[in-house]
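Accompanying notes for the structure given below.
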Protein chains: 2
Amino acid sequence: MTDLQIARNVRLKPITEIAEKLGVPTDSLEPYGKYKAKMPVSLIDSEKLAQSNLILVSAISPTPAGEGKTTMSIGLTEGLNRLGKKATVVLREPSLGPVFGIKGGATGGGYSQVLPMEDINLHFTGDFAAIEKAHNLLSALIDNNIQSKTASLGLDPRTISWKRVIDMNDRSLRHIIVGLGGTSSGIPRETGFDITAASEIMAILCLAENLSDLKKRLGNIFVGYTFDRQPIYVRDLKAEGAMAALLKQAIQPNLVQTMEGNPAIIHGGPFANIAQGTNSVIATRMGMTFSDFTVTEAGFGFDLGAEKFFDIKCQSAGLSPKAVVLTTTVRALKYHGGASLDALTIPDVDALKNGLPNLEKHVENIKRFNVTPIIAVNQFTSDTEAEFDVLRSAAEKMGVAIAIANVWGKGGEGALDLASKVVEIVAETTEPFTPLYDWESPVKEKIETIATKIYGAEHVDYSYQAKRDLKKIQDLGLEKLAICIAKTQKSLSDNPKLLGRPKDFIITVREIEIAAGAGFLIPITGSIMRMPGLPAHPASERIDIDDDGNISGLF
Amino acid sequence: MTDLQIARNVRLKPITEIAEKLGVPTDSLEPYGKYKAKMPVSLIDSEKLAQSNLILVSAISPTPAGEGKTTMSIGLTEGLNRLGKKATVVLREPSLGPVFGIKGGATGGGYSQVLPMEDINLHFTGDFAAIEKAHNLLSALIDNNIQSKTASLGLDPRTISWKRVIDMNDRSLRHIIVGLGGTSSGIPRETGFDITAASEIMAILCLAENLSDLKKRLGNIFVGYTFDRQPIYVRDLKAEGAMAALLKQAIQPNLVQTMEGNPAIIHGGPFANIAQGTNSVIATRMGMTFSDFTVTEAGFGFDLGAEKFFDIKCQSAGLSPKAVVLTTTVRALKYHGGASLDALTIPDVDALKNGLPNLEKHVENIKRFNVTPIIAVNQFTSDTEAEFDVLRSAAEKMGVAIAIANVWGKGGEGALDLASKVVEIVAETTEPFTPLYDWESPVKEKIETIATKIYGAEHVDYSYQAKRDLKKIQDLGLEKLAICIAKTQKSLSDNPKLLGRPKDFIITVREIEIAAGAGFLIPITGSIMRMPGLPAHPASERIDIDDDGNISGLF
């Protein structure tokens with residue numbers, strides 16, 4: 001059965017019932033249909049959330065298919081609820097564009113899914129559309145200001161880094177020329193479209209505390225320079241009020257349910273390379289306000305999403321996870337150990353052993369934040385007991401708990417061992433996490449701390465452009481921002497081909513982007529895809545809807 | 001007080017209460033927050049809707065500010081309800097882009113508004129966003145197919161008329177070049193963006209009967225030619241299933257309320273020049289299923305929106321209005337009579353008398369459809385009794401009912417006279433309307449019928465391009481489609497400067513576009529704006545939101 005077929009067999013509970021279970025006053029909800037609802041930000045209670053146990057689900061360096069963090073997060077939440085704990089899973093929203101490309105939905109899999117999966121994958125409650133509109137309103141205002149005879153700020157079009165966004169895999173929009181067609185249709189210039197998830201506004205929405213903080217951050221977005229080298233921010237265009245008005249509903253987290261009828265909060269979806277890669281501060285706080293255990297995930301491997309989760313999101317919002325669940329698969333470790341992508345379902349204890357250093361490095365990295373890791377093996381049908389034994393003894397050697405979790409095949413029942421081990425670790429955790437670096441440190445020091453301590457690099461090289469960018473950051477007075485390194489997820493290094501635990505490598509920073517609204521700097525290492533394309537036969541060819549509104553072909 | 005301030009003072013009823021009043025089973029609704037809901041298409045009942053009285057609100061040739069059809073439609077509905085009739089107003093959804101330009105909202109005005117006005121003006125229930133996504137998915141699939149080595153249909157990029165859309169006033173996107181950046185980023189070609197309301201998918205959604213009709217129409221969209229001159233339709237790209245899946249919610253009409261707590265259904269918003277300019281067939285049928293009187297409006301003047309309402313929408317959907325309310329203002333008639341735009345608030349009986357021929361022509365046009373007109377004078381504070389007397393005696397001379405309606409200042413109370421006159425006319429109407437032309441007639445005959453009989457033209461000229469387009473239409477076998485003339489709304493002619501009742505003029509068709517999915521041909525006369533720009537100081541500069549989510553600056 002496909003994920004959609006499994007999902008369709010579940011009888012959904014009304015969202016009011018899920019809210020009641022959580023203890024959310026149902027008349028405070030904004031329903032979106034019968035099975036989705038927005039939760040007003042005012043429900044967040046700082047005293048109650050301080051009592052909640054936050055669990056971060058991360059992963060080893062993933063294969064191209066991903067190792068199932070979302071599925072693991074959902075399964076763990078089901079397991080915790082089966083143990084009688086009041087647990088909520090807090091996740092990112094899927095991006096629409098990739099649904100029509102190759103990958104299908106992004107709402108878990110098998111018997112660990114969030115529902116209604118068709119709705120969550122298509123439009124959901126309109127958050128991405130609102131972010132897209134707020135972003136593109138700013139784009140239109142920028143080009144309009146350049147065009148204006150009477151209200152121009154004197155912006156130099158060559159210095160504008162703000163592009164447009166669309167939630168669609170559309171490679172033809174990566175590099176475009178706008179403003180053609182004569183004097184009434186703008187000033188010609190080069191620009192392009194990114195996918196909506198890559199918008200700085202996505203990153204901002206997910207770090208904002210409330211509407212006024214959102215507006216302040218929007219106002220701080222750096223737009224470019226005037227012809228006489230004065231910096232222009234969004235506040236200079238008086239755009240942040242209208243942009244925030246467009247985000248009135250989008251700032252509210254969305255309540256849905258898991259397959260076993262437990263609460264799930266899904267909100268925001270920033271990238272884990274050029275942004276912080278995790279759901280919104282507001283959503284996490286909302287989950288923590290109403291649950292004893294709040295399970296959340298961060299994108300890609302621990303080196304990318306989780307480092308940012310700690311050093312950007314947790315530092316910014318005063319959160320502290322009580323445990324990190326490190327999602328691990330036999331297949332990914334075999335890949336790191338030299339097995340080829342098409343041989344990963346063949347039992348291979350040797351390749352698995354060769355791949356263990358990748359796991360070990362991620363475990364060390366978690367401990368560096370003074371948080372206890374637990375290895376969660378996301379079980380596949382091709383896995384063997386002999387392979388599990390290799391993992392169990394590796395974990396024992398590292399002194400780390402391990403659980404084999406069949407969340408895809410069994411839902412919460414497959415995560416009972418994992419859930420009880422998580423409960424044990426949480427009970428023993430009394431100290432908050434230790435940040436990796438101080439935001440007040442110099443920019444290069446912050447970058448080098450991440451590169452050497454987390455990635456395991458020898459040192460960091462800066463290109464000519466990166467050095468110019470460092471100077472620009474200094475001139476703008478933005479050195480105290482957090483660091484959000486854009487790097488391949490495939491390797492701990494910046495070279496996607498170096499699998500396992502690379503050593504003796506250098507991280508090269510090619511340029512450093514400024515996300516002054518989000519509140520971080522983005523050192524770019526390698527090429528970062530911000531606008532995916534479609535395959536020769538896109539998934540859209542198989543997607544259909546019948547007369548009763550039943551969608552097929554999402555998988 | 002601004003419209004937004006007046007709106008904010010109204011205590012809204014829960015949408016379930018509005019639904020109960022209509023007789024809609026509340027558990028069939030899909031709520032979107034507390035004050036908006038989607039109505040499943042399955043609620044439409046053909047027997048019940050056949051008993052309902054459909055009233056069309058149209059207007060004389062408008063001034064640039066518009067003459068208040070929406071406000072009149074809402075006020076009339078309030079008036080009918082005050083008379084004890086079960087009446088629902090069915091309107092178009094406002095476009096987001098213009099909200100940030102000059103005009104502010106599009107949800108009525110003064111004491112005749114639909115609520116919640118901020119929500120309806122900003123995102124609403126996501127219909128426009130869904131249409132935009134369905135449109136741009138097709139655009140991405142087209143460029144992807146051109147790029148593909150293995151799945152290419154051989155489309156000639158120079159023949160593709162399908163652009164992209166965005167619901168934003170963004171003049172810099174009118175004319176663009178996409179596909180730059182090398183072989184992995186598409187094939188360079190000229191294209192552009194229209195505003196979302198101009199999408200053929202908007203026209204299709206508003207003519208579709210249900211999901212399968214929608215899908216069939218989407219499949220019929222004409223994309224372009226292959227290099228060996230074979231026509232390519234959307235069905236050849238296998239895109240219509242995924243596009244329809246994206247429109248699953250958008251096809252359902254939206255229930256909201258008027259200021260006096262009466263039901264309002266708001267759905268779809270196609271242009272009235274390049275499209276049919278009226279809300280969806282599904283929304284109109286939904287209103288008629290649940291009400292004795294269903295009040296709806298069609299864009300611009302009677303010559304544009306209402307002609308299309310009758311000849312495209314009513315013919316396609318088997319609807320027949322029982323009366324046409326012709327919205328008329330003293331100021332617009334003075335403008336047609338020679339007064340300048342900045343002198344319209346100065347009493348001027350002579351200019352008014354000079355402007356009457358415009359009113360007379362629209363009255364004649366209504367009668368041509370065998371429907372009874374009633375003149376509704378949308379009262380402004382600057383109007384005088386002497387001016388009203390001129391209108392009353394003109395109406396008497398034409399043998400047409402007239403009512404002065406202060407719907408802006410008094411809501412339903414200001415429309416009581418109008419409402420009772422409408423009830424009288426409806427009671428006397430037994431015959432269905434007479435279409436102006438037969439869809440089976442030759443294309444040129446259909447165009448010429450509209451131009452000579454409705455606009456009052458001498459004859460129709462065709463440019464070289466238009467003649468080529470006629471040939472192309474014939475080759476494609478699309479001659480039996482309806483006609484949707486794109487023309488200025490400012491004049492009955494195709495010259496915006498010819499006010500009043502122009503005579504001895506020629507209509508020039510410059511080209512003829514094909515909307516094979518929507519089911520009509522679009523003869524273009526004059527230049528049609530499909531992507532507006534922003535003014536030097538856009539309305540967005542004044543729009544703001546406070547910490548409690550209260551929006552200001554929409555007016």
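By convention here, the chains of the structure tokens are called A, B, ... in the order presented, each chain's residues are numbered starting at 1, and ligands are numbered starting at 1 in the order presented.
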
Every residue of range 13-96 of chain A that DSSP places in strand (DSSP E), as an MDAnalysis selection string
chainID A and resid 30:31 37:38 53:59 87:91

Contacts of range 203-250 of chain A with range 31-52 of chain A up to 10 Å, shortest pair per row, only C-alpha atoms, as CSV:
residue,atom,partner,partner_atom,distance
A:Glu209,CA,A:Val41,CA,8.7
A:Asn210,CA,A:Val41,CA,7.0
A:Leu211,CA,A:Val41,CA,9.0
A:Gln249,CA,A:Lys38,CA,7.8
A:Ala250,CA,A:Lys38,CA,8.8

Set the cut-off to 7 Å and count only C-alpha atoms: what are the residues of chain B that reach chain A? Output as a PyMOL selection string.
chain B and resi 30-34+122+126+129+137+140+143-144+148+150-151+168+170-181+185-186+211-212+238-239+241-242+244-246+248+534+536-537+540-541+543-545+547+549+551

Computed interatomic separation between CA of Thr258 in chain A and CA of Pro321 in chain A (Å)
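A separation of 22.0 Å between them.
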
Running DSSP on the backbone, which parts of range 197-439 of chain B land in alpha helix (DSSP H), as an MDAnalysis selection string?
chainID B and resid 200:207 211:219 240:246 281:290 307:308 315:317 330:336 349:368 385:398 407:410 416:428

All residues 6 Å or closer to Gly299 in chain B, only C-alpha atoms, same chain fewer than 2 positions away omitted, as a list of chain:residue names
B:Ala272, B:Gly277, B:Gly305

What's around range 504-516 of chain B at 10 Å? Count only C-alpha atoms, leave out sequence neighbours fewer than 4 positions away in its own chain, and write the answer as a ChimeraX atom specification.
/B:161,199-201,203-204,217-223,233,274-275,447-448,451-452,455-470,472-473,476,478,481-487,493-495,498,520-527

Provide the CA of Ala298 in chain A to CA of Asn279 in chain A distance in Å, to one decimal place.
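Here the two named atoms are 7.8 Å from each other.
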
Within 8 Å of range 114-117 of chain B, counting only C-alpha atoms, which residues qualify if same-chain residues fewer than 5 places away don't, as an NGL selection string?
:B and (4 or 7 or 12 or 35 or 74 or 105 or 107-108 or 256-259 or 264)

Neighbours of range 401-404 of chain B within 8 Å (only C-alpha atoms; same-chain residues fewer than 5 positions away dropped), as number ranges by chain?
B: 373-379, 388, 392, 395-396, 415, 417-418, 421

Output file for the residues above (N, CA, C and O atoms, as a PDB file, in the first residue's frame):
ATOM      1  N   PRO B 373     -35.325  46.112 -17.105  1.00  0.00           N
ATOM      2  CA  PRO B 373     -34.336  46.874 -16.331  1.00  0.00           C
ATOM      3  C   PRO B 373     -35.009  47.682 -15.216  1.00  0.00           C
ATOM      4  O   PRO B 373     -36.190  48.017 -15.308  1.00  0.00           O
ATOM      5  N   ILE B 374     -34.245  47.960 -14.184  1.00  0.00           N
ATOM      6  CA  ILE B 374     -34.652  48.955 -13.195  1.00  0.00           C
ATOM      7  C   ILE B 374     -33.425  49.793 -12.889  1.00  0.00           C
ATOM      8  O   ILE B 374     -32.330  49.260 -12.658  1.00  0.00           O
ATOM      9  N   ILE B 375     -33.623  51.115 -12.950  1.00  0.00           N
ATOM     10  CA  ILE B 375     -32.491  52.010 -12.714  1.00  0.00           C
ATOM     11  C   ILE B 375     -32.326  52.212 -11.216  1.00  0.00           C
ATOM     12  O   ILE B 375     -33.263  52.625 -10.532  1.00  0.00           O
ATOM     13  N   ALA B 376     -31.132  51.905 -10.707  1.00  0.00           N
ATOM     14  CA  ALA B 376     -30.847  52.133  -9.289  1.00  0.00           C
ATOM     15  C   ALA B 376     -29.816  53.243  -9.200  1.00  0.00           C
ATOM     16  O   ALA B 376     -28.669  53.073  -9.617  1.00  0.00           O
ATOM     17  N   VAL B 377     -30.238  54.373  -8.681  1.00  0.00           N
ATOM     18  CA  VAL B 377     -29.310  55.501  -8.564  1.00  0.00           C
ATOM     19  C   VAL B 377     -28.542  55.354  -7.262  1.00  0.00           C
ATOM     20  O   VAL B 377     -29.131  55.391  -6.174  1.00  0.00           O
ATOM     21  N   ASN B 378     -27.242  55.131  -7.379  1.00  0.00           N
ATOM     22  CA  ASN B 378     -26.378  54.984  -6.209  1.00  0.00           C
ATOM     23  C   ASN B 378     -26.096  56.387  -5.667  1.00  0.00           C
ATOM     24  O   ASN B 378     -25.325  57.148  -6.237  1.00  0.00           O
ATOM     25  N   GLN B 379     -26.770  56.722  -4.550  1.00  0.00           N
ATOM     26  CA  GLN B 379     -26.772  58.105  -4.062  1.00  0.00           C
ATOM     27  C   GLN B 379     -25.446  58.507  -3.425  1.00  0.00           C
ATOM     28  O   GLN B 379     -24.894  57.783  -2.610  1.00  0.00           O
ATOM     29  N   PHE B 388     -31.867  64.362  -9.244  1.00  0.00           N
ATOM     30  CA  PHE B 388     -32.691  63.144  -9.185  1.00  0.00           C
ATOM     31  C   PHE B 388     -33.936  63.294 -10.052  1.00  0.00           C
ATOM     32  O   PHE B 388     -34.368  62.341 -10.716  1.00  0.00           O
ATOM     33  N   ARG B 392     -35.484  60.879 -12.801  1.00  0.00           N
ATOM     34  CA  ARG B 392     -36.822  60.290 -12.682  1.00  0.00           C
ATOM     35  C   ARG B 392     -37.633  60.520 -13.948  1.00  0.00           C
ATOM     36  O   ARG B 392     -38.299  59.609 -14.436  1.00  0.00           O
ATOM     37  N   ALA B 395     -36.359  58.304 -16.735  1.00  0.00           N
ATOM     38  CA  ALA B 395     -36.809  56.917 -16.564  1.00  0.00           C
ATOM     39  C   ALA B 395     -38.262  56.777 -16.993  1.00  0.00           C
ATOM     40  O   ALA B 395     -38.639  55.818 -17.677  1.00  0.00           O
ATOM     41  N   GLU B 396     -39.066  57.750 -16.598  1.00  0.00           N
ATOM     42  CA  GLU B 396     -40.483  57.709 -16.959  1.00  0.00           C
ATOM     43  C   GLU B 396     -40.645  57.691 -18.477  1.00  0.00           C
ATOM     44  O   GLU B 396     -41.436  56.932 -19.029  1.00  0.00           O
ATOM     45  N   ALA B 415     -32.226  50.922   0.640  1.00  0.00           N
ATOM     46  CA  ALA B 415     -32.549  50.183  -0.583  1.00  0.00           C
ATOM     47  C   ALA B 415     -33.964  49.619  -0.564  1.00  0.00           C
ATOM     48  O   ALA B 415     -34.312  48.790  -1.409  1.00  0.00           O
ATOM     49  N   ASP B 417     -36.940  50.975  -1.248  1.00  0.00           N
ATOM     50  CA  ASP B 417     -37.721  51.295  -2.451  1.00  0.00           C
ATOM     51  C   ASP B 417     -37.246  50.442  -3.626  1.00  0.00           C
ATOM     52  O   ASP B 417     -38.050  49.836  -4.336  1.00  0.00           O
ATOM     53  N   LEU B 418     -35.922  50.372  -3.801  1.00  0.00           N
ATOM     54  CA  LEU B 418     -35.353  49.549  -4.866  1.00  0.00           C
ATOM     55  C   LEU B 418     -35.790  48.100  -4.710  1.00  0.00           C
ATOM     56  O   LEU B 418     -36.234  47.456  -5.668  1.00  0.00           O
ATOM     57  N   LYS B 421     -39.417  47.486  -5.664  1.00  0.00           N
ATOM     58  CA  LYS B 421     -39.599  47.542  -7.115  1.00  0.00           C
ATOM     59  C   LYS B 421     -39.040  46.287  -7.792  1.00  0.00           C
ATOM     60  O   LYS B 421     -39.615  45.775  -8.761  1.00  0.00           O
TER      61      LYS B 421
END

Identify, on the basis of only C-alpha atoms, every residue whose closest approach to range 429-434 of chain A does not exceed 10 Å; exclude the query and any residue fewer than 5 positions from it along the same chain; express the result as a ChimeraX atom specification.
/A:53,310-311,314-315,318-323,366-372,424

Take the selection from the previous step and output its residues with all heavy atoms, as a short mmCIF file (atom, residue, chain, number, x, y, z; two decimals), in the first residue's frame.
data_model
loop_
_atom_site.label_atom_id
_atom_site.label_comp_id
_atom_site.auth_asym_id
_atom_site.auth_seq_id
_atom_site.Cartn_x
_atom_site.Cartn_y
_atom_site.Cartn_z
N ASN A 53 9.16 18.86 28.28
CA ASN A 53 10.42 18.25 27.87
C ASN A 53 10.52 18.27 26.34
O ASN A 53 9.73 17.63 25.66
CB ASN A 53 10.49 16.81 28.36
CG ASN A 53 10.41 16.75 29.87
OD1 ASN A 53 11.25 17.31 30.56
ND2 ASN A 53 9.37 16.10 30.38
N PHE A 310 20.26 24.34 17.72
CA PHE A 310 20.79 24.76 19.01
C PHE A 310 21.27 26.21 18.99
O PHE A 310 20.85 27.02 19.80
CB PHE A 310 21.96 23.85 19.42
CG PHE A 310 21.54 22.52 19.97
CD1 PHE A 310 21.65 21.36 19.22
CD2 PHE A 310 21.00 22.43 21.26
CE1 PHE A 310 21.26 20.13 19.74
CE2 PHE A 310 20.60 21.21 21.78
CZ PHE A 310 20.73 20.04 21.02
N ASP A 311 22.15 26.50 18.01
CA ASP A 311 22.86 27.78 18.08
C ASP A 311 22.04 28.97 17.56
O ASP A 311 22.34 30.11 17.90
CB ASP A 311 24.18 27.68 17.30
CG ASP A 311 25.21 26.84 18.06
OD1 ASP A 311 25.29 27.03 19.30
OD2 ASP A 311 25.90 26.01 17.44
N CYS A 314 17.42 27.72 19.47
CA CYS A 314 17.35 27.58 20.93
C CYS A 314 17.96 28.79 21.63
O CYS A 314 17.41 29.29 22.61
CB CYS A 314 18.03 26.30 21.39
SG CYS A 314 17.11 24.82 20.94
N GLN A 315 19.08 29.28 21.09
CA GLN A 315 19.69 30.48 21.69
C GLN A 315 18.75 31.66 21.58
O GLN A 315 18.61 32.46 22.51
CB GLN A 315 21.01 30.80 20.99
CG GLN A 315 22.17 29.91 21.38
CD GLN A 315 23.38 30.74 21.80
OE1 GLN A 315 23.28 31.55 22.75
NE2 GLN A 315 24.48 30.56 21.12
N GLY A 318 15.46 30.76 23.82
CA GLY A 318 15.58 30.27 25.19
C GLY A 318 15.03 28.87 25.40
O GLY A 318 14.44 28.56 26.43
N LEU A 319 15.22 28.01 24.40
CA LEU A 319 14.76 26.62 24.51
C LEU A 319 15.96 25.72 24.82
O LEU A 319 17.09 26.07 24.52
CB LEU A 319 14.12 26.17 23.19
CG LEU A 319 12.91 26.97 22.71
CD1 LEU A 319 12.55 26.57 21.28
CD2 LEU A 319 11.73 26.76 23.65
N SER A 320 15.68 24.56 25.42
CA SER A 320 16.77 23.62 25.68
C SER A 320 16.28 22.19 25.62
O SER A 320 15.56 21.73 26.51
CB SER A 320 17.39 23.91 27.05
OG SER A 320 18.57 23.14 27.20
N PRO A 321 16.66 21.45 24.57
CA PRO A 321 16.22 20.06 24.44
C PRO A 321 16.78 19.19 25.56
O PRO A 321 17.91 19.40 26.01
CB PRO A 321 16.79 19.62 23.09
CG PRO A 321 17.10 20.88 22.37
CD PRO A 321 17.45 21.88 23.42
N LYS A 322 16.00 18.20 25.97
CA LYS A 322 16.43 17.29 27.04
C LYS A 322 17.10 16.04 26.47
O LYS A 322 17.63 15.24 27.22
CB LYS A 322 15.22 16.88 27.88
CG LYS A 322 14.55 18.04 28.64
CD LYS A 322 15.18 18.22 30.00
CE LYS A 322 14.58 19.39 30.77
NZ LYS A 322 13.27 19.12 31.35
N ALA A 323 16.98 15.83 25.17
CA ALA A 323 17.61 14.66 24.54
C ALA A 323 17.61 14.86 23.03
O ALA A 323 16.78 15.59 22.51
CB ALA A 323 16.85 13.38 24.89
N ILE A 366 26.73 15.73 19.28
CA ILE A 366 25.59 15.93 20.20
C ILE A 366 26.11 16.16 21.62
O ILE A 366 25.68 17.07 22.32
CB ILE A 366 24.64 14.71 20.16
CG1 ILE A 366 24.04 14.55 18.76
CG2 ILE A 366 23.53 14.86 21.20
CD1 ILE A 366 23.30 13.22 18.55
N LYS A 367 27.09 15.34 22.01
CA LYS A 367 27.63 15.45 23.39
C LYS A 367 28.31 16.80 23.60
O LYS A 367 28.34 17.33 24.71
CB LYS A 367 28.61 14.31 23.64
CG LYS A 367 27.91 12.96 23.79
CD LYS A 367 28.92 11.85 24.07
CE LYS A 367 28.21 10.51 24.36
NZ LYS A 367 29.18 9.39 24.38
N ARG A 368 28.86 17.35 22.53
CA ARG A 368 29.50 18.66 22.61
C ARG A 368 28.52 19.75 23.06
O ARG A 368 28.91 20.78 23.61
CB ARG A 368 30.07 19.02 21.24
CG ARG A 368 31.16 20.02 21.25
CD ARG A 368 31.72 20.17 19.86
NE ARG A 368 32.81 19.24 19.60
CZ ARG A 368 34.04 19.41 20.07
NH1 ARG A 368 34.33 20.45 20.82
NH2 ARG A 368 34.99 18.56 19.77
N PHE A 369 27.23 19.55 22.80
CA PHE A 369 26.22 20.50 23.25
C PHE A 369 25.72 20.16 24.66
O PHE A 369 24.77 20.76 25.14
CB PHE A 369 25.03 20.51 22.27
CG PHE A 369 25.32 21.22 20.98
CD1 PHE A 369 25.79 20.54 19.86
CD2 PHE A 369 25.15 22.60 20.88
CE1 PHE A 369 26.07 21.19 18.68
CE2 PHE A 369 25.42 23.27 19.69
CZ PHE A 369 25.88 22.56 18.58
N ASN A 370 26.38 19.15 25.27
CA ASN A 370 26.01 18.74 26.63
C ASN A 370 24.58 18.19 26.69
O ASN A 370 23.83 18.44 27.64
CB ASN A 370 26.19 19.91 27.60
CG ASN A 370 26.08 19.49 29.05
OD1 ASN A 370 26.41 18.35 29.40
ND2 ASN A 370 25.59 20.40 29.89
N VAL A 371 24.20 17.48 25.63
CA VAL A 371 22.89 16.86 25.59
C VAL A 371 23.10 15.36 25.34
O VAL A 371 24.05 14.97 24.67
CB VAL A 371 22.01 17.47 24.47
CG1 VAL A 371 20.64 16.80 24.41
CG2 VAL A 371 21.85 18.96 24.70
N THR A 372 22.22 14.54 25.90
CA THR A 372 22.39 13.09 25.77
C THR A 372 21.77 12.60 24.46
O THR A 372 20.60 12.84 24.20
CB THR A 372 21.71 12.38 26.95
OG1 THR A 372 22.20 12.96 28.16
CG2 THR A 372 22.01 10.89 26.92
N GLU A 424 13.48 7.81 30.05
CA GLU A 424 14.55 7.63 31.06
C GLU A 424 15.59 8.74 30.98
O GLU A 424 15.99 9.30 31.99
CB GLU A 424 15.29 6.30 30.82
CG GLU A 424 14.62 5.09 31.44
CD GLU A 424 15.28 3.80 30.95
OE1 GLU A 424 16.54 3.77 30.80
OE2 GLU A 424 14.53 2.84 30.66
#
